[in-house]
>>> print(open('target_31.cif').read())   # mmCIF, C-alpha atoms
data_my_file
loop_
_atom_site.label_atom_id
_atom_site.label_comp_id
_atom_site.auth_asym_id
_atom_site.auth_seq_id
_atom_site.Cartn_x
_atom_site.Cartn_y
_atom_site.Cartn_z
CA MET Q 1 32.07 320.19 227.77
CA LEU Q 2 31.49 316.44 228.09
CA ARG Q 3 31.67 315.96 224.34
CA LEU Q 4 34.93 317.89 224.25
CA LEU Q 5 36.41 315.71 226.99
CA LEU Q 6 35.31 312.55 225.24
CA LEU Q 7 36.83 313.79 222.00
CA VAL Q 8 40.11 314.54 223.75
CA ALA Q 9 40.15 311.08 225.32
CA LEU Q 10 39.40 309.37 222.03
CA LEU Q 11 42.03 311.38 220.16
CA ILE Q 12 44.61 310.42 222.76
CA ARG Q 13 43.60 306.79 222.48
CA MET Q 14 43.78 306.83 218.68
CA ALA Q 15 46.99 308.79 218.39
CA SER Q 16 49.70 306.72 216.72
CA GLY Q 17 52.55 307.07 214.32
CA ALA Q 18 50.15 308.56 211.82
CA GLU Q 19 49.43 311.46 214.14
CA PRO Q 20 51.93 314.33 214.41
CA LEU Q 21 51.40 314.72 218.17
CA ALA Q 22 54.49 314.00 220.25
CA GLU Q 23 54.09 311.54 223.09
CA VAL Q 24 54.77 314.25 225.64
CA ALA Q 25 51.88 316.28 224.23
CA ARG Q 26 49.56 313.29 224.41
CA ALA Q 27 50.55 312.70 228.03
CA VAL Q 28 49.98 316.34 228.92
CA ALA Q 29 46.57 316.23 227.26
CA ALA Q 30 45.69 313.03 229.11
CA ALA Q 31 46.65 314.52 232.47
CA ALA Q 32 44.66 317.67 231.71
CA ALA Q 33 41.56 315.65 230.79
CA ILE Q 34 41.77 313.68 234.04
CA ASP Q 35 42.25 316.81 236.14
CA LEU Q 36 39.36 318.60 234.45
CA ALA Q 37 37.00 315.66 234.91
CA ALA Q 38 37.95 315.33 238.57
CA THR Q 39 37.63 319.07 239.18
CA THR Q 40 34.17 319.20 237.61
CA ALA Q 41 33.12 315.98 239.42
CA ASP Q 42 32.09 314.39 236.12
CA ALA Q 43 32.26 310.62 236.62
CA LYS Q 44 31.63 309.74 232.98
CA ALA Q 45 34.31 312.14 231.77
CA LEU Q 46 36.75 310.77 234.36
CA ALA Q 47 36.11 307.19 233.27
CA TRP Q 48 36.74 308.07 229.63
CA ALA Q 49 39.78 310.19 230.50
CA ALA Q 50 41.32 307.24 232.36
CA TRP Q 51 40.42 304.94 229.47
CA GLY Q 52 41.97 307.38 227.01
CA ALA Q 53 45.18 307.67 229.04
CA ASP Q 54 45.98 303.98 228.58
CA GLY Q 55 49.25 303.69 226.68
CA HIS Q 56 50.41 307.19 227.59
CA ARG Q 57 52.07 306.64 230.92
CA SER Q 58 53.98 309.54 232.40
CA PRO Q 59 54.53 310.96 235.88
CA ASP Q 60 52.03 313.72 235.08
CA VAL Q 61 49.30 311.28 234.07
CA GLU Q 62 49.99 309.03 237.06
CA GLN Q 63 49.77 311.93 239.49
CA ALA Q 64 46.57 313.16 237.84
CA LEU Q 65 45.01 309.74 238.33
CA ILE Q 66 46.04 309.73 241.99
CA ARG Q 67 44.67 313.25 242.45
CA SER Q 68 41.35 312.13 240.99
CA LEU Q 69 41.06 309.50 243.73
CA SER Q 70 41.41 312.19 246.37
CA THR Q 71 38.29 313.91 245.01
CA ARG Q 72 36.22 310.74 244.52
CA ALA Q 73 33.73 311.68 247.25
CA ARG Q 74 32.49 314.53 245.04
CA LEU Q 75 31.17 312.05 242.47
CA ALA Q 76 27.56 312.02 243.61
CA VAL Q 77 25.99 308.99 241.89
CA PRO Q 78 27.33 305.80 243.55
CA VAL Q 79 27.23 303.52 240.50
CA GLU Q 80 28.90 306.16 238.32
CA ARG Q 81 31.52 306.81 241.00
CA ARG Q 82 32.27 303.09 241.14
CA CYS Q 83 32.73 302.81 237.38
CA ALA Q 84 34.97 305.87 237.19
CA ILE Q 85 37.14 304.96 240.16
CA GLU Q 86 37.52 301.35 239.02
CA ARG Q 87 38.79 302.64 235.66
CA VAL Q 88 41.32 304.88 237.41
CA LEU Q 89 42.48 302.08 239.70
CA ASP Q 90 42.77 299.65 236.80
CA LEU Q 91 45.31 301.88 235.10
CA LEU Q 92 47.23 302.49 238.32
CA ILE Q 93 47.43 298.74 238.96
CA ARG Q 94 48.72 297.99 235.47
CA TRP Q 95 51.27 300.78 235.80
CA ARG Q 96 52.29 299.50 239.25
CA ALA Q 97 51.87 303.02 240.56
CA LYS Q 98 52.80 303.98 244.11
CA LEU Q 99 49.93 305.53 246.05
CA PRO Q 100 50.24 307.45 249.34
CA ALA Q 101 49.82 305.30 252.44
CA ASP Q 102 46.81 307.23 253.75
CA LEU Q 103 45.02 306.91 250.41
CA LEU Q 104 45.61 303.15 250.27
CA GLU Q 105 44.32 302.79 253.81
CA ALA Q 106 41.16 304.74 252.95
CA LEU Q 107 40.54 302.74 249.76
CA VAL Q 108 40.70 299.47 251.71
CA ASP Q 109 37.54 300.51 253.55
CA GLU Q 110 35.53 301.13 250.37
CA PRO Q 111 33.92 297.87 249.17
CA HIS Q 112 34.41 298.46 245.45
CA CYS Q 113 38.03 299.50 245.99
CA THR Q 114 39.20 296.87 248.49
CA ILE Q 115 40.64 294.43 245.95
CA HIS Q 116 42.33 297.19 243.96
CA ALA Q 117 43.82 298.66 247.14
CA THR Q 118 45.05 295.22 248.23
CA ILE Q 119 46.84 294.68 244.91
CA LEU Q 120 48.45 298.12 245.02
CA ALA Q 121 49.45 297.75 248.68
CA CYS Q 122 51.07 294.36 248.07
CA ALA Q 123 53.03 295.82 245.15
CA ASP Q 124 54.51 298.49 247.43
CA PRO Q 125 54.88 296.80 250.86
CA ASP Q 126 56.74 299.61 252.61
CA VAL Q 127 53.96 302.10 251.90
CA GLY Q 128 51.11 299.59 251.77
CA ALA Q 129 51.68 297.96 255.17
CA ALA Q 130 49.23 300.25 256.99
CA GLY Q 131 46.53 299.48 254.44
CA LEU Q 132 47.15 295.74 254.77
CA ARG Q 133 46.94 295.97 258.56
CA ARG Q 134 43.66 297.82 258.12
CA LEU Q 135 42.44 295.09 255.78
CA LEU Q 136 43.12 292.40 258.38
CA ALA Q 137 41.52 294.41 261.16
CA ARG Q 138 38.23 294.92 259.28
CA GLY Q 139 37.91 291.33 258.06
CA THR Q 140 38.14 290.23 254.46
CA SER Q 141 38.04 287.32 252.02
CA ASP Q 142 40.41 284.38 252.30
CA ALA Q 143 42.46 285.49 249.29
CA ALA Q 144 42.85 289.07 250.52
CA TRP Q 145 43.66 287.78 254.01
CA ALA Q 146 46.38 285.54 252.58
CA ALA Q 147 47.79 288.36 250.44
CA ALA Q 148 48.09 290.65 253.45
CA CYS Q 149 49.61 287.92 255.61
CA ASN Q 150 52.13 287.01 252.89
CA VAL Q 151 53.42 290.57 252.67
CA LEU Q 152 53.35 291.38 256.39
CA ALA Q 153 54.97 288.08 257.39
CA ALA Q 154 57.76 288.54 254.84
CA ALA Q 155 58.38 292.01 256.30
CA LYS Q 156 58.24 290.59 259.86
CA ASP Q 157 55.59 293.15 260.70
CA PRO Q 158 55.38 293.50 264.51
CA THR Q 159 51.56 293.66 264.51
CA LEU Q 160 50.87 290.47 262.57
CA ALA Q 161 51.55 287.90 265.29
CA ALA Q 162 49.03 289.40 267.72
CA HIS Q 163 46.43 289.64 264.96
CA LEU Q 164 46.86 285.95 264.12
CA LEU Q 165 47.05 284.72 267.70
CA ARG Q 166 43.98 286.48 269.14
CA PRO Q 167 41.38 284.43 267.22
CA LEU Q 168 43.51 281.29 266.95
CA THR Q 169 41.87 278.15 268.29
CA ILE Q 170 43.71 274.88 268.68
CA ARG Q 171 41.23 272.10 267.95
CA LEU Q 172 42.30 268.90 269.64
CA SER Q 173 40.49 265.83 268.29
CA VAL Q 174 40.43 262.81 270.58
CA SER Q 175 39.28 259.40 269.41
CA VAL Q 176 38.66 256.60 271.89
CA THR Q 177 38.90 253.04 270.62
CA ASP Q 178 38.94 249.51 271.87
CA PRO Q 179 42.33 247.80 272.22
CA GLY Q 180 43.71 246.72 268.85
CA ARG Q 181 41.78 249.31 266.78
CA ILE Q 182 43.03 252.52 265.18
CA GLY Q 183 40.63 255.43 265.42
CA GLY Q 184 40.10 258.83 263.89
CA ARG Q 185 38.66 260.06 260.61
CA ARG Q 186 38.84 263.30 258.72
CA LEU Q 187 35.98 265.37 257.36
CA THR Q 188 36.16 267.78 254.42
CA THR Q 189 33.88 270.69 253.62
CA SER Q 190 33.27 273.04 250.73
CA ARG Q 191 31.21 276.14 250.16
CA SER Q 192 30.07 278.42 247.37
CA CYS Q 193 29.25 282.09 247.26
CA GLY Q 194 27.48 284.27 244.74
CA ALA Q 195 28.26 287.72 243.43
CA GLU Q 196 25.54 290.16 242.44
CA PRO Q 197 25.66 291.50 238.87
CA ASN Q 198 27.29 294.89 238.36
CA THR Q 199 25.72 297.29 235.90
CA VAL Q 200 27.69 299.73 233.75
CA PRO Q 201 25.74 302.96 233.25
CA ALA Q 202 25.02 303.96 229.66
CA GLY Q 203 27.78 305.94 228.00
CA PHE Q 204 30.63 304.60 230.16
CA PRO Q 205 33.64 302.67 228.83
CA PRO Q 206 33.74 298.87 229.25
CA GLU Q 207 33.97 297.71 232.84
CA VAL Q 208 37.07 296.06 234.28
CA ILE Q 209 36.71 293.67 237.22
CA TYR Q 210 39.55 292.41 239.41
CA ARG Q 211 39.33 289.28 241.52
CA LEU Q 212 41.80 287.73 243.92
CA SER Q 213 42.29 284.00 243.62
CA LEU Q 214 44.24 281.22 245.29
CA GLU Q 215 43.92 279.02 242.20
CA PRO Q 216 45.73 280.58 239.22
CA ARG Q 217 44.55 280.58 235.64
CA VAL Q 218 46.33 281.59 232.46
CA ARG Q 219 47.25 285.29 232.46
CA ASP Q 220 46.63 285.73 236.19
CA GLN Q 221 49.22 287.95 237.86
CA VAL Q 222 50.96 287.13 241.13
CA VAL Q 223 49.94 289.53 243.91
CA ALA Q 224 51.86 288.06 246.86
CA THR Q 225 53.83 284.85 247.36
CA GLY Q 226 53.96 282.83 250.56
CA PRO Q 227 52.34 279.80 252.18
CA LEU Q 228 49.27 280.72 250.11
CA THR Q 229 50.26 282.48 246.89
CA VAL Q 230 47.60 284.95 245.76
CA TYR Q 231 46.82 285.89 242.17
CA ALA Q 232 44.89 288.75 240.55
CA ARG Q 233 42.49 288.06 237.71
CA ARG Q 234 41.54 290.96 235.43
CA THR Q 235 38.48 290.69 233.20
CA GLU Q 236 37.16 293.37 230.88
CA TYR Q 237 33.44 293.27 230.13
CA LEU Q 238 32.17 294.75 226.90
CA GLU Q 239 28.54 294.11 227.78
CA VAL Q 240 26.43 296.71 229.53
CA SER Q 241 25.92 294.42 232.49
CA HIS Q 242 27.13 291.06 233.67
CA GLY Q 243 26.68 288.59 236.45
CA CYS Q 244 28.90 285.92 237.88
CA VAL Q 245 28.89 283.17 240.44
CA ILE Q 246 32.13 282.52 242.29
CA PHE Q 247 32.77 279.09 243.76
CA ASP Q 248 35.38 279.22 246.47
CA LYS Q 249 36.98 276.52 248.55
CA PRO Q 250 37.47 277.76 252.10
CA ILE Q 251 40.93 277.73 253.59
CA ASP Q 252 41.81 276.70 257.11
CA ARG Q 253 42.91 280.07 258.47
CA GLU Q 254 44.00 278.54 261.75
CA ALA Q 255 46.41 276.14 260.05
CA TYR Q 256 47.76 278.88 257.79
CA SER Q 257 48.03 281.26 260.73
CA ALA Q 258 50.50 278.79 262.21
CA SER Q 259 52.46 278.87 258.94
CA TYR Q 260 52.59 282.67 258.96
CA LEU Q 261 53.68 282.71 262.60
CA GLN Q 262 56.44 280.27 261.68
CA MET Q 263 57.37 282.54 258.77
CA LEU Q 264 57.79 285.45 261.19
CA LEU Q 265 60.36 283.38 263.07
CA SER Q 266 62.26 282.27 259.97
CA GLY Q 267 65.99 282.65 260.51
CA VAL Q 268 65.63 282.68 264.30
CA SER Q 269 67.96 280.23 265.99
CA GLY Q 270 66.13 277.72 268.16
CA ALA Q 271 62.67 278.70 266.91
CA PRO Q 272 59.95 276.27 268.02
CA PRO Q 273 58.46 273.87 265.46
CA LEU Q 274 55.31 274.61 263.49
CA LEU Q 275 52.32 274.84 265.82
CA GLU Q 276 49.75 272.10 265.27
CA THR Q 277 46.36 273.77 265.18
CA HIS Q 278 44.48 270.50 264.61
CA PRO Q 279 46.33 267.94 266.75
CA ARG Q 280 44.90 264.47 267.10
CA ALA Q 281 45.12 261.99 269.94
CA ALA Q 282 44.11 258.33 269.70
CA ILE Q 283 43.38 256.82 273.10
CA THR Q 284 42.91 253.13 273.75
CA TRP Q 285 40.14 252.62 276.27
CA SER Q 286 40.92 251.06 279.63
CA ASN Q 287 38.96 253.14 282.15
CA ALA Q 288 37.56 256.63 282.68
CA ASP Q 289 40.46 257.89 284.79
CA ALA Q 290 43.06 256.81 282.23
CA PHE Q 291 41.03 258.42 279.43
CA ALA Q 292 40.82 261.72 281.34
CA ALA Q 293 44.55 261.64 282.14
CA GLU Q 294 45.60 260.94 278.54
CA THR Q 295 43.30 263.66 277.21
CA ALA Q 296 44.70 266.14 279.74
CA ALA Q 297 48.24 265.20 278.68
CA ALA Q 298 47.40 265.79 275.01
CA ARG Q 299 45.86 269.14 275.88
CA GLU Q 300 48.93 270.07 277.93
CA ARG Q 301 51.19 269.32 274.95
CA SER Q 302 49.21 271.75 272.81
CA ASP Q 303 49.26 274.35 275.59
CA GLN Q 304 53.03 274.04 275.94
CA ALA Q 305 53.60 274.29 272.18
CA TRP Q 306 51.47 277.45 272.05
CA ARG Q 307 53.35 279.06 274.94
CA GLU Q 308 56.75 278.25 273.43
CA LEU Q 309 55.68 279.91 270.19
CA VAL Q 310 54.35 283.02 271.92
CA ASP Q 311 57.48 283.32 274.07
CA ALA Q 312 59.69 283.09 270.97
CA LEU Q 313 57.68 285.76 269.17
CA ALA Q 314 57.93 288.09 272.17
CA ALA Q 315 61.65 287.44 272.59
CA ASN Q 316 62.24 288.50 268.98
CA GLY Q 317 60.24 291.72 269.13
CA LEU Q 318 57.25 290.32 267.23
CA LEU Q 319 54.84 290.71 270.15
CA THR Q 320 54.55 293.68 272.47
CA PRO Q 321 54.91 293.02 276.21
CA ALA Q 322 51.23 293.92 276.62
CA ASP Q 323 50.10 291.41 274.00
CA HIS Q 324 52.45 288.78 275.39
CA ALA Q 325 50.88 289.14 278.82
CA ALA Q 326 47.29 289.29 277.58
CA LEU Q 327 47.24 286.40 275.11
CA VAL Q 328 46.07 283.01 276.39
CA PRO Q 329 45.75 279.73 274.49
CA ASN Q 330 42.29 278.67 273.37
CA ILE Q 331 42.19 274.88 273.15
CA VAL Q 332 38.93 273.19 272.25
CA VAL Q 333 38.58 269.43 272.64
CA SER Q 334 36.25 267.23 270.62
CA VAL Q 335 35.80 263.57 271.48
CA ARG Q 336 34.71 260.70 269.25
CA ASP Q 337 33.74 257.44 270.93
CA GLU Q 338 34.57 254.53 268.62
CA ARG Q 339 34.30 251.77 271.22
CA GLN Q 340 32.13 248.77 270.57
CA ASP Q 341 30.88 248.72 274.17
CA ARG Q 342 29.69 252.18 275.27
CA SER Q 343 27.91 251.10 278.41
CA LEU Q 344 30.36 253.22 280.44
CA PRO Q 345 29.98 256.83 279.19
CA LEU Q 346 33.07 258.94 278.63
CA PRO Q 347 33.55 261.69 281.23
CA LEU Q 348 33.52 265.35 280.20
CA VAL Q 349 37.07 266.72 279.89
CA GLU Q 350 38.50 270.23 280.12
CA GLY Q 351 37.99 272.21 276.93
CA GLN Q 352 35.20 269.97 275.63
CA LEU Q 353 32.36 272.19 274.42
CA THR Q 354 30.32 269.70 272.40
CA PRO Q 355 28.79 266.29 273.18
CA VAL Q 356 30.71 263.13 272.44
CA GLU Q 357 30.40 262.07 268.79
CA TYR Q 358 29.75 258.50 267.75
#
>>> encode(input="target_31.cif", output="structure tokens")
Amino acid sequence: MLRLLLLVALLIRMASGAEPLAEVARAVAAAAAIDLAATTADAKALAWAAWGADGHRSPDVEQALIRSLSTRARLAVPVERRCAIERVLDLLIRWRAKLPADLLEALVDEPHCTIHATILACADPDVGAAGLRRLLARGTSDAAWAAACNVLAAAKDPTLAAHLLRPLTIRLSVSVTDPGRIGGRRLTTSRSCGAEPNTVPAGFPPEVIYRLSLEPRVRDQVVATGPLTVYARRTEYLEVSHGCVIFDKPIDREAYSASYLQMLLSGVSGAPPLLETHPRAAITWSNADAFAAETAAARERSDQAWRELVDALAANGLLTPADHAALVPNIVVSVRDERQDRSLPLPLVEGQLTPVEY
């Protein structure tokens, strides 16, 4: 049976002008091969059937591919299931197919399907919104987070503001200097992360890997535009196995959260300005009381800006009354002492969680 399915897939793939088969017949054969492989829970046959269907798009083939995803749990061997389902999703992505909302939401929760589901959900925002909300709720990579925020903010999704505001921390940096000096300095960070090699089982078609990126390369496809445009990178591996190391620059989610919140209010008359999530205050030293008062005033400005934003979101139906009442600003203060004479220590101020830096 497997050999027959492989033969069918290869014949479909090779069919061209030299073959007498009509395109409709090739599409029917492709759909039948996919359905049979899914029904018999044969991961290898399903992978080859999806591979063989490339170039023979039709509603029947597309629906057969989607049906095969609904039976994916019957594919018993995890690595074989991954290879088969990734082949199916690859074709659906390239065909810009529309998947049911509940299926997209379920695929988001499966590690090897999350990126594929994100791409498909972003391509069909009306149906994919639930999956993107699910993606944000479970936590995800920076690129997937940005893709979901781009789409949901553009749609003015009523759940996005609360999701962004709950973890949002305003980080007020205070520098204290002697008269005549200008204080404050910025720090930058970077990080790297590794990816374990994936192995393609023997007898399977070449593996296709999708990655989401914030830094486009040639042939990358746009997934979602916005404050952080996200791209999809497709790579086909002919080797049996491969490994890769991904170097990623972290994004400041708090700063971009402010941008997405501002995007939700686009077109609103009298909307507050962009929230500063990393405000800075330079204080010239005179005495401890003046330092404490100026720091409190800077903190109050951030508090007021946060409340104006939240009130505007609630007034425009972008926050529920319950969320509006429950949300409170989280303002953390860090202090750097750049005075020459530090014989008088700086007093602890409200919101300061770490010792004074020097």
>>> residues_around(input="target_31.cif", residues="Ser173 of chain Q", least_positions_apart="3", cutoff="8 Å", atoms="only C-alpha atoms", output="VMD selection string")
chain Q and resid 278 to 281 333 to 336
>>> resolve_selection(input="target_31.cif", expression="the PyMOL selection byres ((chain Q and resi 358) around 12)", output="list in words")
Val174, Ser175, Val176, Thr177, Gly183, Gly184, Arg185, Ser334, Val335, Arg336, Asp337, Glu338, Arg339, Gln340, Asp341, Arg342, Pro345, Leu346, Pro355, Val356 and Glu357 of chain Q
>>> axis_aligned_box(input="target_31.cif", around="segment 24-28 of chain Q", padding_each_side="6 Å", output="lines of an AutoDock Vina configuration file")
center_x = 52.2
center_y = 314.5
center_z = 226.6
size_x = 17.2
size_y = 15.6
size_z = 16.7
>>> residues_around(input="target_31.cif", residues="Phe204 of chain Q", least_positions_apart="4", cutoff="9 Å", atoms="all atoms listed in the file", output="NGL selection string")
:Q and (43-45 or 47-48 or 80 or 83-84 or 200 or 240)
>>> closest_atom_pairs(input="target_31.cif", of="segment 300-339 of chain Q", to="segment 155-162 of chain Q", cutoff="7 Å", atoms="all atoms listed in the file", output="Markdown table")
| residue | atom | partner | partner_atom | distance |
| --- | --- | --- | --- | --- |
| Q:Gly317 | CA | Q:Pro158 | CA | 6.9 |
| Q:Leu318 | CA | Q:Pro158 | CA | 4.6 |
| Q:Leu319 | CA | Q:Pro158 | CA | 6.3 |
| Q:Asp323 | CA | Q:Ala162 | CA | 6.7 |
>>> closest_residue(input="target_31.cif", among="Q:Leu46, Q:Ala271, Q:Ala30, Q:Leu172", to="Ser58 of chain Q", atoms="all atoms listed in the file")
Q:Ala30
>>> resolve_selection(input="target_31.cif", expression="the PyMOL selection byres ((chain Q and resi 218) around 12)", output="ChimeraX atom specification")
/Q:215-217,219-222,231-234
>>> write_last_selection(input="target_31.cif", atoms="C-alpha atoms", output="short mmCIF file (atom, residue, chain, number, x, y, z; two decimals), keeping the file's coordinate frame")
data_model
loop_
_atom_site.label_atom_id
_atom_site.label_comp_id
_atom_site.auth_asym_id
_atom_site.auth_seq_id
_atom_site.Cartn_x
_atom_site.Cartn_y
_atom_site.Cartn_z
CA GLU Q 215 43.92 279.02 242.20
CA PRO Q 216 45.73 280.58 239.22
CA ARG Q 217 44.55 280.58 235.64
CA ARG Q 219 47.25 285.29 232.46
CA ASP Q 220 46.63 285.73 236.19
CA GLN Q 221 49.22 287.95 237.86
CA VAL Q 222 50.96 287.13 241.13
CA TYR Q 231 46.82 285.89 242.17
CA ALA Q 232 44.89 288.75 240.55
CA ARG Q 233 42.49 288.06 237.71
CA ARG Q 234 41.54 290.96 235.43
#
>>> residues_near_point(input="target_31.cif", point="(47.0, 280.4, 256.8)", cutoff="9 Å", atoms="all atoms listed in the file", output="compact mmCIF listing (two decimals) with C-alpha atoms, keeping the file's coordinate frame")
# COMPACT_ATOMS: atom_id res chain seq x y z
CA ASP Q 142 40.41 284.38 252.30
CA TRP Q 145 43.66 287.78 254.01
CA ALA Q 146 46.38 285.54 252.58
CA CYS Q 149 49.61 287.92 255.61
CA PRO Q 227 52.34 279.80 252.18
CA LEU Q 228 49.27 280.72 250.11
CA ILE Q 251 40.93 277.73 253.59
CA ASP Q 252 41.81 276.70 257.11
CA ARG Q 253 42.91 280.07 258.47
CA GLU Q 254 44.00 278.54 261.75
CA ALA Q 255 46.41 276.14 260.05
CA TYR Q 256 47.76 278.88 257.79
CA SER Q 257 48.03 281.26 260.73
CA ALA Q 258 50.50 278.79 262.21
CA SER Q 259 52.46 278.87 258.94
CA TYR Q 260 52.59 282.67 258.96
>>> residues_around(input="target_31.cif", residues="Asn316 of chain Q", least_positions_apart="5", cutoff="9 Å", atoms="all atoms listed in the file", output="ChimeraX atom specification")
/Q:265,268,311
>>> atom_distance(input="target_31.cif", atom1="atom CA of Ser70 of chain Q", atom2="atom CA of Leu104 of chain Q")
10.7 Å
>>> atom_distance(input="target_31.cif", atom1="atom CA of Pro59 of chain Q", atom2="atom CA of Ile209 of chain Q")
24.9 Å
